[in-house]
>>> print(open('run39.txt').read())   # compact mmCIF, C-alpha atoms
# COMPACT_ATOMS: atom_id res chain seq x y z
CA GLY A 1 -45.71 15.16 23.32
CA ASP A 2 -44.80 18.05 25.60
CA ARG A 3 -41.55 16.34 26.59
CA THR A 4 -40.43 16.10 22.95
CA ILE A 5 -41.28 19.77 22.31
CA TRP A 6 -39.41 20.83 25.45
CA SER A 7 -36.42 18.71 24.44
CA ASP A 8 -36.36 20.35 20.98
CA ILE A 9 -36.45 23.80 22.57
CA MET A 10 -33.58 22.92 24.91
CA ILE A 11 -31.48 21.59 22.04
CA ARG A 12 -32.06 24.72 19.94
CA ASP A 13 -31.21 26.92 22.94
CA LYS A 14 -27.93 25.06 23.49
CA LEU A 15 -27.09 25.36 19.79
CA ARG A 16 -27.70 29.11 19.98
CA ARG A 17 -25.58 29.56 23.10
CA HIS A 18 -22.66 27.50 21.78
CA ARG A 19 -22.91 28.31 18.05
CA ARG A 20 -19.45 29.88 17.93
CA HIS A 21 -17.80 26.90 19.61
CA LEU A 22 -19.63 24.46 17.34
CA SER A 23 -18.00 26.09 14.32
CA TYR A 24 -14.53 24.98 15.46
CA PRO A 25 -14.91 21.22 14.80
CA ILE A 26 -16.62 22.01 11.48
CA VAL A 27 -13.64 24.11 10.39
CA ILE A 28 -11.13 21.50 11.60
CA LEU A 29 -12.85 18.74 9.63
CA ALA A 30 -12.98 20.94 6.54
CA LEU A 31 -9.23 21.63 6.77
CA LEU A 32 -8.24 17.97 6.95
CA PRO A 33 -6.33 16.99 3.77
CA LEU A 34 -9.00 14.52 2.64
CA SER A 35 -9.01 15.71 -0.97
CA SER A 36 -6.80 17.88 -3.15
CA PRO A 37 -7.86 20.68 -5.51
CA SER A 38 -5.01 20.07 -7.95
CA ASP A 39 -6.47 17.09 -9.82
CA GLN A 40 -10.01 18.41 -10.09
CA ILE A 41 -9.87 21.97 -11.41
CA HIS A 42 -7.85 24.05 -13.86
CA HIS A 43 -5.62 26.77 -12.43
CA LEU A 44 -7.44 29.57 -14.32
CA LEU A 45 -10.82 28.39 -13.08
CA ASP A 46 -9.42 28.22 -9.56
CA GLY A 47 -8.33 31.84 -9.86
CA PHE A 48 -11.79 32.81 -11.08
CA LEU A 49 -13.35 31.02 -8.09
CA ASP A 50 -11.01 32.94 -5.78
CA ILE A 51 -12.37 36.22 -7.16
CA VAL A 52 -15.99 35.06 -6.96
CA GLY A 53 -15.44 33.71 -3.46
CA LEU A 54 -13.92 36.95 -2.21
CA PHE A 55 -16.79 38.91 -3.77
CA ILE A 56 -19.41 36.72 -2.04
CA ALA A 57 -17.56 36.89 1.28
CA CYS A 58 -17.33 40.68 1.03
CA CYS A 59 -21.07 40.82 0.24
CA GLY A 60 -21.72 38.84 3.41
CA GLN A 61 -19.55 41.23 5.41
CA ALA A 62 -21.26 44.23 3.81
CA LEU A 63 -24.65 42.79 4.77
CA ARG A 64 -23.54 42.59 8.40
CA LEU A 65 -22.20 46.16 8.30
CA TRP A 66 -25.48 47.38 6.79
CA ALA A 67 -27.50 45.61 9.47
CA TRP A 68 -25.54 47.23 12.30
CA GLY A 69 -25.16 50.63 10.67
CA VAL A 70 -28.83 51.44 10.03
CA ASN A 71 -30.04 50.07 13.37
CA SER A 72 -27.47 51.74 15.62
CA ARG A 73 -30.09 53.74 17.53
CA ALA A 74 -32.95 51.26 17.34
CA SER A 75 -34.36 50.76 20.84
CA GLY A 76 -36.85 48.02 20.03
CA LEU A 77 -37.14 45.59 17.17
CA ARG A 78 -34.56 45.99 14.42
CA LEU A 79 -36.65 46.72 11.33
CA PHE A 80 -34.47 48.87 9.10
CA GLY A 81 -32.06 48.11 6.29
CA PRO A 82 -31.70 44.39 5.62
CA TYR A 83 -34.11 43.60 8.47
CA SER A 84 -36.90 44.88 6.25
CA PHE A 85 -36.13 42.12 3.73
CA ILE A 86 -34.94 39.19 5.89
CA ARG A 87 -35.29 38.51 9.61
CA HIS A 88 -31.74 37.30 10.24
CA PRO A 89 -29.26 39.26 8.09
CA LEU A 90 -26.34 38.69 10.48
CA TYR A 91 -26.61 34.91 10.11
CA MET A 92 -27.13 35.25 6.38
CA GLY A 93 -24.00 37.38 6.26
CA ASN A 94 -22.08 34.68 8.12
CA PHE A 95 -23.28 32.05 5.66
CA LEU A 96 -22.21 34.15 2.67
CA ILE A 97 -18.78 34.73 4.25
CA ALA A 98 -18.40 30.97 4.80
CA LEU A 99 -19.52 30.20 1.23
CA GLY A 100 -17.07 32.74 -0.17
CA LEU A 101 -14.16 31.36 1.84
CA LEU A 102 -15.06 27.83 0.74
CA LEU A 103 -14.79 28.95 -2.89
CA VAL A 104 -11.38 30.46 -2.13
CA PHE A 105 -10.27 27.21 -0.49
CA ASN A 106 -12.01 25.12 -3.15
CA VAL A 107 -11.43 21.66 -1.72
CA PRO A 108 -14.38 19.34 -2.51
CA HIS A 109 -14.92 17.70 0.88
CA ALA A 110 -15.04 21.10 2.60
CA TYR A 111 -18.26 22.03 0.77
CA VAL A 112 -19.92 18.80 1.93
CA ILE A 113 -18.86 19.30 5.55
CA VAL A 114 -19.38 23.02 6.05
CA LEU A 115 -22.48 24.07 4.06
CA PRO A 116 -24.97 21.47 5.39
CA SER A 117 -23.61 21.88 8.93
CA LEU A 118 -24.00 25.66 8.88
CA ALA A 119 -27.42 25.45 7.23
CA PHE A 120 -28.66 23.10 9.98
CA LEU A 121 -27.04 25.15 12.75
CA TYR A 122 -28.39 28.51 11.57
CA TRP A 123 -31.86 27.13 10.85
CA SER A 124 -32.05 25.67 14.37
CA VAL A 125 -30.63 28.79 16.02
CA THR A 126 -32.92 31.20 14.18
CA THR A 127 -35.97 29.05 14.92
CA GLU A 128 -35.18 29.38 18.62
CA GLU A 129 -34.52 33.11 18.26
CA ASP A 130 -37.83 33.64 16.43
CA GLU A 131 -39.69 31.93 19.27
CA ARG A 132 -37.79 33.90 21.92
CA LEU A 133 -38.39 37.24 20.19
CA GLU A 134 -42.07 36.45 19.66
CA LYS A 135 -42.43 35.85 23.40
CA LYS A 136 -40.61 39.12 24.12
CA TRP A 137 -42.35 41.39 21.61
CA GLY A 138 -45.65 39.58 21.15
CA ALA A 139 -47.92 40.62 18.30
CA ALA A 140 -45.36 43.08 16.89
CA TYR A 141 -42.86 40.32 16.17
CA GLU A 142 -45.59 37.90 15.07
CA SER A 143 -46.67 40.44 12.44
CA TYR A 144 -43.05 41.06 11.40
CA ARG A 145 -42.40 37.32 11.14
CA ALA A 146 -45.45 36.86 8.92
CA LYS A 147 -44.31 39.55 6.48
CA VAL A 148 -40.55 39.06 6.33
CA PRO A 149 -38.81 35.77 5.39
CA ARG A 150 -36.08 34.17 7.46
CA PHE A 151 -33.08 34.26 5.10
CA LEU A 152 -34.01 34.72 1.44
CA PRO A 153 -35.97 37.81 0.34
CA TRP A 154 -37.84 36.16 -2.53
CA ARG A 155 -41.16 35.98 -0.71
CA GLY A 156 -43.04 38.48 1.37
CA ARG A 157 -42.48 42.18 0.97
CA ALA A 158 -40.11 44.79 2.32
CA LEU A 159 -41.31 46.75 5.30
CA ASN A 160 -41.95 50.48 5.11
CA GLN A 161 -38.62 52.27 5.66
CA GLN A 162 -40.21 55.44 7.03
CA GLY A 163 -38.28 56.77 10.02
CA GLN A 164 -35.07 54.91 9.20
CA PHE A 165 -31.94 56.21 10.85
CA ALA A 166 -28.92 57.40 8.87
CA PHE A 167 -26.22 54.82 8.36
CA ASP A 168 -23.71 54.97 11.24
CA LEU A 169 -20.41 53.74 9.80
CA LYS A 170 -18.52 54.20 13.07
CA HIS A 171 -20.99 52.02 14.94
CA ALA A 172 -20.97 49.37 12.20
CA LEU A 173 -17.17 49.21 12.08
CA GLY A 174 -17.05 49.08 15.86
CA LYS A 175 -19.23 45.97 15.77
CA GLU A 176 -17.54 44.32 12.80
CA ARG A 177 -13.85 45.27 12.96
CA GLU A 178 -12.73 41.88 14.30
CA SER A 179 -14.87 40.12 11.71
CA ILE A 180 -13.31 42.15 8.87
CA CYS A 181 -9.78 41.31 10.06
CA GLY A 182 -10.78 37.67 10.49
CA LEU A 183 -12.22 37.53 6.97
CA ALA A 184 -9.04 38.89 5.42
CA ALA A 185 -6.81 36.62 7.52
CA GLY A 186 -8.99 33.60 6.79
CA ALA A 187 -8.97 34.18 3.04
CA MET A 188 -5.17 34.45 2.91
CA THR A 189 -4.66 31.45 5.17
CA LEU A 190 -7.01 29.26 3.12
CA GLU A 191 -5.41 30.33 -0.16
CA ALA A 192 -1.96 29.46 1.19
CA TYR A 193 -3.17 26.12 2.54
CA GLU A 194 -4.84 25.30 -0.76
CA GLU A 195 -1.56 25.94 -2.59
CA ILE A 196 0.28 23.66 -0.16
CA LEU A 197 -2.24 20.86 -0.73
CA ALA A 198 -2.06 21.30 -4.50
CA GLN A 199 1.67 21.78 -5.08
CA GLY A 200 3.51 20.97 -1.88
CA LEU A 201 5.23 23.36 0.51
CA LYS A 202 8.55 23.51 -1.37
CA GLU A 203 6.92 24.77 -4.56
CA VAL A 204 5.08 27.69 -2.94
CA ARG A 205 7.29 28.54 0.04
CA GLY A 206 7.59 32.26 -0.75
CA GLU A 207 3.87 32.73 -1.39
CA VAL A 208 2.97 30.80 1.75
CA LEU A 209 5.38 32.87 3.85
CA PHE A 210 3.79 36.11 2.59
CA PHE A 211 0.25 34.90 3.31
CA PHE A 212 1.33 33.57 6.71
CA VAL A 213 2.88 36.88 7.79
CA MET A 214 -0.07 38.94 6.59
CA SER A 215 -2.69 36.66 8.11
CA SER A 216 -0.73 36.58 11.39
CA VAL A 217 -0.68 40.38 11.55
CA LEU A 218 -4.42 40.54 10.86
CA GLY A 219 -5.07 37.78 13.40
CA VAL A 220 -3.15 39.63 16.12
CA LEU A 221 -4.97 42.87 15.21
CA SER A 222 -8.31 41.06 15.48
CA LEU A 223 -7.41 39.75 18.96
CA LEU A 224 -6.32 43.21 20.10
CA LEU A 225 -9.57 44.75 18.85
CA CYS A 226 -11.57 42.05 20.60
CA ARG A 227 -9.69 42.72 23.84
CA GLN A 228 -10.29 46.45 23.47
CA ARG A 229 -14.03 45.91 22.99
CA ARG A 230 -14.20 43.78 26.13
CA LYS A 231 -12.49 46.51 28.13
CA GLU A 232 -14.95 49.07 26.76
CA LYS A 233 -17.86 46.85 27.82
CA GLU A 234 -16.41 46.42 31.30
CA LYS A 235 -16.07 50.21 31.68
CA ALA A 236 -19.64 50.73 30.50
>>> encode(input="run39.txt", output="structure tokens")
Amino acid sequence: GDRTIWSDIMIRDKLRRHRRHLSYPIVILALLPLSSPSDQIHHLLDGFLDIVGLFIACCGQALRLWAWGVNSRASGLRLFGPYSFIRHPLYMGNFLIALGLLLVFNVPHAYVIVLPSLAFLYWSVTTEEDERLEKKWGAAYESYRAKVPRFLPWRGRALNQQGQFAFDLKHALGKERESICGLAAGAMTLEAYEEILAQGLKEVRGEVLFFFVMSSVLGVLSLLLCRQRRKEKEKA
């Protein structure tokens, strides 16, 4: 009935508002030493998965940069770049980054915990966003929604790119600089943690120390950039 529909809407709205905080328990569960990579995969294959994982994660980050860069001056609906192929490229970029980092970490239980959780979270959040944007933009968004798929561009067709703005790298980097630092820090931290789980801390102490220092520097840089952006918003 109406009560059930209203309840579903409220739940999706709460998921959207708290989506960043909900990722924390997912990450914590994935990092628990419930299984080890050492007994289940050859070292060479693990190295290959690291390369593939980094490539996928970088593709996800590039998708986010593309989305911001070609829509920097868009005053209404974002329709250019990846938005002409999928409705939610930023969430798709996040999912690809998470998938890539999971391949770098390559611990079996992490796949089971993270991928279904993110898929459910992003599907719920984007459903709520679609409904909210349709109320805001009316027939324009309804038409866009009918033509462009949610995440995967294998159905529908790309929108006409006439009138697209030039790619604004400065704007894109301004939006994504913390994310880029976080991606690099996360990849190094997960690789070091994976080595600890597989071989023990004594065997990889030097490698772990290097990854720890580098990821710490990138983490601090990310926090400083985030603080700078907040100050810029307050001034504006």
>>> closest_atom_pairs(input="run39.txt", of="region 63-140 of chain A", to="region 180-201 of chain A", cutoff="9 Å", atoms="only C-alpha atoms", output="JSON lines")
{"residue": "A:Ile97", "atom": "CA", "partner": "A:Leu183", "partner_atom": "CA", "distance": 7.6}
{"residue": "A:Gly100", "atom": "CA", "partner": "A:Ala187", "partner_atom": "CA", "distance": 8.8}
{"residue": "A:Leu101", "atom": "CA", "partner": "A:Ala187", "partner_atom": "CA", "distance": 6.0}
{"residue": "A:Leu102", "atom": "CA", "partner": "A:Leu190", "partner_atom": "CA", "distance": 8.5}
{"residue": "A:Val104", "atom": "CA", "partner": "A:Glu191", "partner_atom": "CA", "distance": 6.3}
{"residue": "A:Phe105", "atom": "CA", "partner": "A:Leu190", "partner_atom": "CA", "distance": 5.3}
{"residue": "A:Asn106", "atom": "CA", "partner": "A:Glu194", "partner_atom": "CA", "distance": 7.6}
{"residue": "A:Val107", "atom": "CA", "partner": "A:Glu194", "partner_atom": "CA", "distance": 7.6}
>>> atom_distance(input="run39.txt", atom1="CA of Ser216 (chain A)", atom2="CA of Ser179 (chain A)")
14.6 Å
>>> residues_near_point(input="run39.txt", point="(-28.6, 34.1, 6.7)", cutoff="9 Å", atoms="all atoms listed in the file", output="list in words")
Gly60, Ile86, Arg87, His88, Pro89, Leu90, Tyr91, Met92, Gly93, Asn94, Phe95, Leu96, Ala119, Tyr122, Trp123, Arg150, Phe151 and Leu152 of chain A
>>> write_last_selection(input="run39.txt", atoms="C-alpha atoms", output="PDB file, in the frame of the given file")
ATOM      1  CA  GLY A  60     -21.720  38.840   3.410  1.00  0.00           C
ATOM      2  CA  ILE A  86     -34.940  39.190   5.890  1.00  0.00           C
ATOM      3  CA  ARG A  87     -35.290  38.510   9.610  1.00  0.00           C
ATOM      4  CA  HIS A  88     -31.740  37.300  10.240  1.00  0.00           C
ATOM      5  CA  PRO A  89     -29.260  39.260   8.090  1.00  0.00           C
ATOM      6  CA  LEU A  90     -26.340  38.690  10.480  1.00  0.00           C
ATOM      7  CA  TYR A  91     -26.610  34.910  10.110  1.00  0.00           C
ATOM      8  CA  MET A  92     -27.130  35.250   6.380  1.00  0.00           C
ATOM      9  CA  GLY A  93     -24.000  37.380   6.260  1.00  0.00           C
ATOM     10  CA  ASN A  94     -22.080  34.680   8.120  1.00  0.00           C
ATOM     11  CA  PHE A  95     -23.280  32.050   5.660  1.00  0.00           C
ATOM     12  CA  LEU A  96     -22.210  34.150   2.670  1.00  0.00           C
ATOM     13  CA  ALA A 119     -27.420  25.450   7.230  1.00  0.00           C
ATOM     14  CA  TYR A 122     -28.390  28.510  11.570  1.00  0.00           C
ATOM     15  CA  TRP A 123     -31.860  27.130  10.850  1.00  0.00           C
ATOM     16  CA  ARG A 150     -36.080  34.170   7.460  1.00  0.00           C
ATOM     17  CA  PHE A 151     -33.080  34.260   5.100  1.00  0.00           C
ATOM     18  CA  LEU A 152     -34.010  34.720   1.440  1.00  0.00           C
TER      19      LEU A 152
END
>>> closest_residue(input="run39.txt", among="A:Phe80, A:Phe48, A:Phe212, A:Tyr111", to="Trp68 (chain A)", atoms="all atoms listed in the file")
A:Phe80
>>> atom_distance(input="run39.txt", atom1="CA of Gly81 (chain A)", atom2="CA of Pro153 (chain A)")
12.5 Å
>>> atom_distance(input="run39.txt", atom1="CA of Gln61 (chain A)", atom2="CA of Leu169 (chain A)")
13.3 Å
>>> closest_residue(input="run39.txt", among="A:Ala146, A:Val217, A:Leu63, A:Ile51", to="Asp130 (chain A)", atoms="all atoms listed in the file")
A:Ala146
>>> closest_residue(input="run39.txt", among="A:Asp168, A:Leu103, A:Glu176, A:Leu79", to="Asp50 (chain A)", atoms="all atoms listed in the file")
A:Leu103
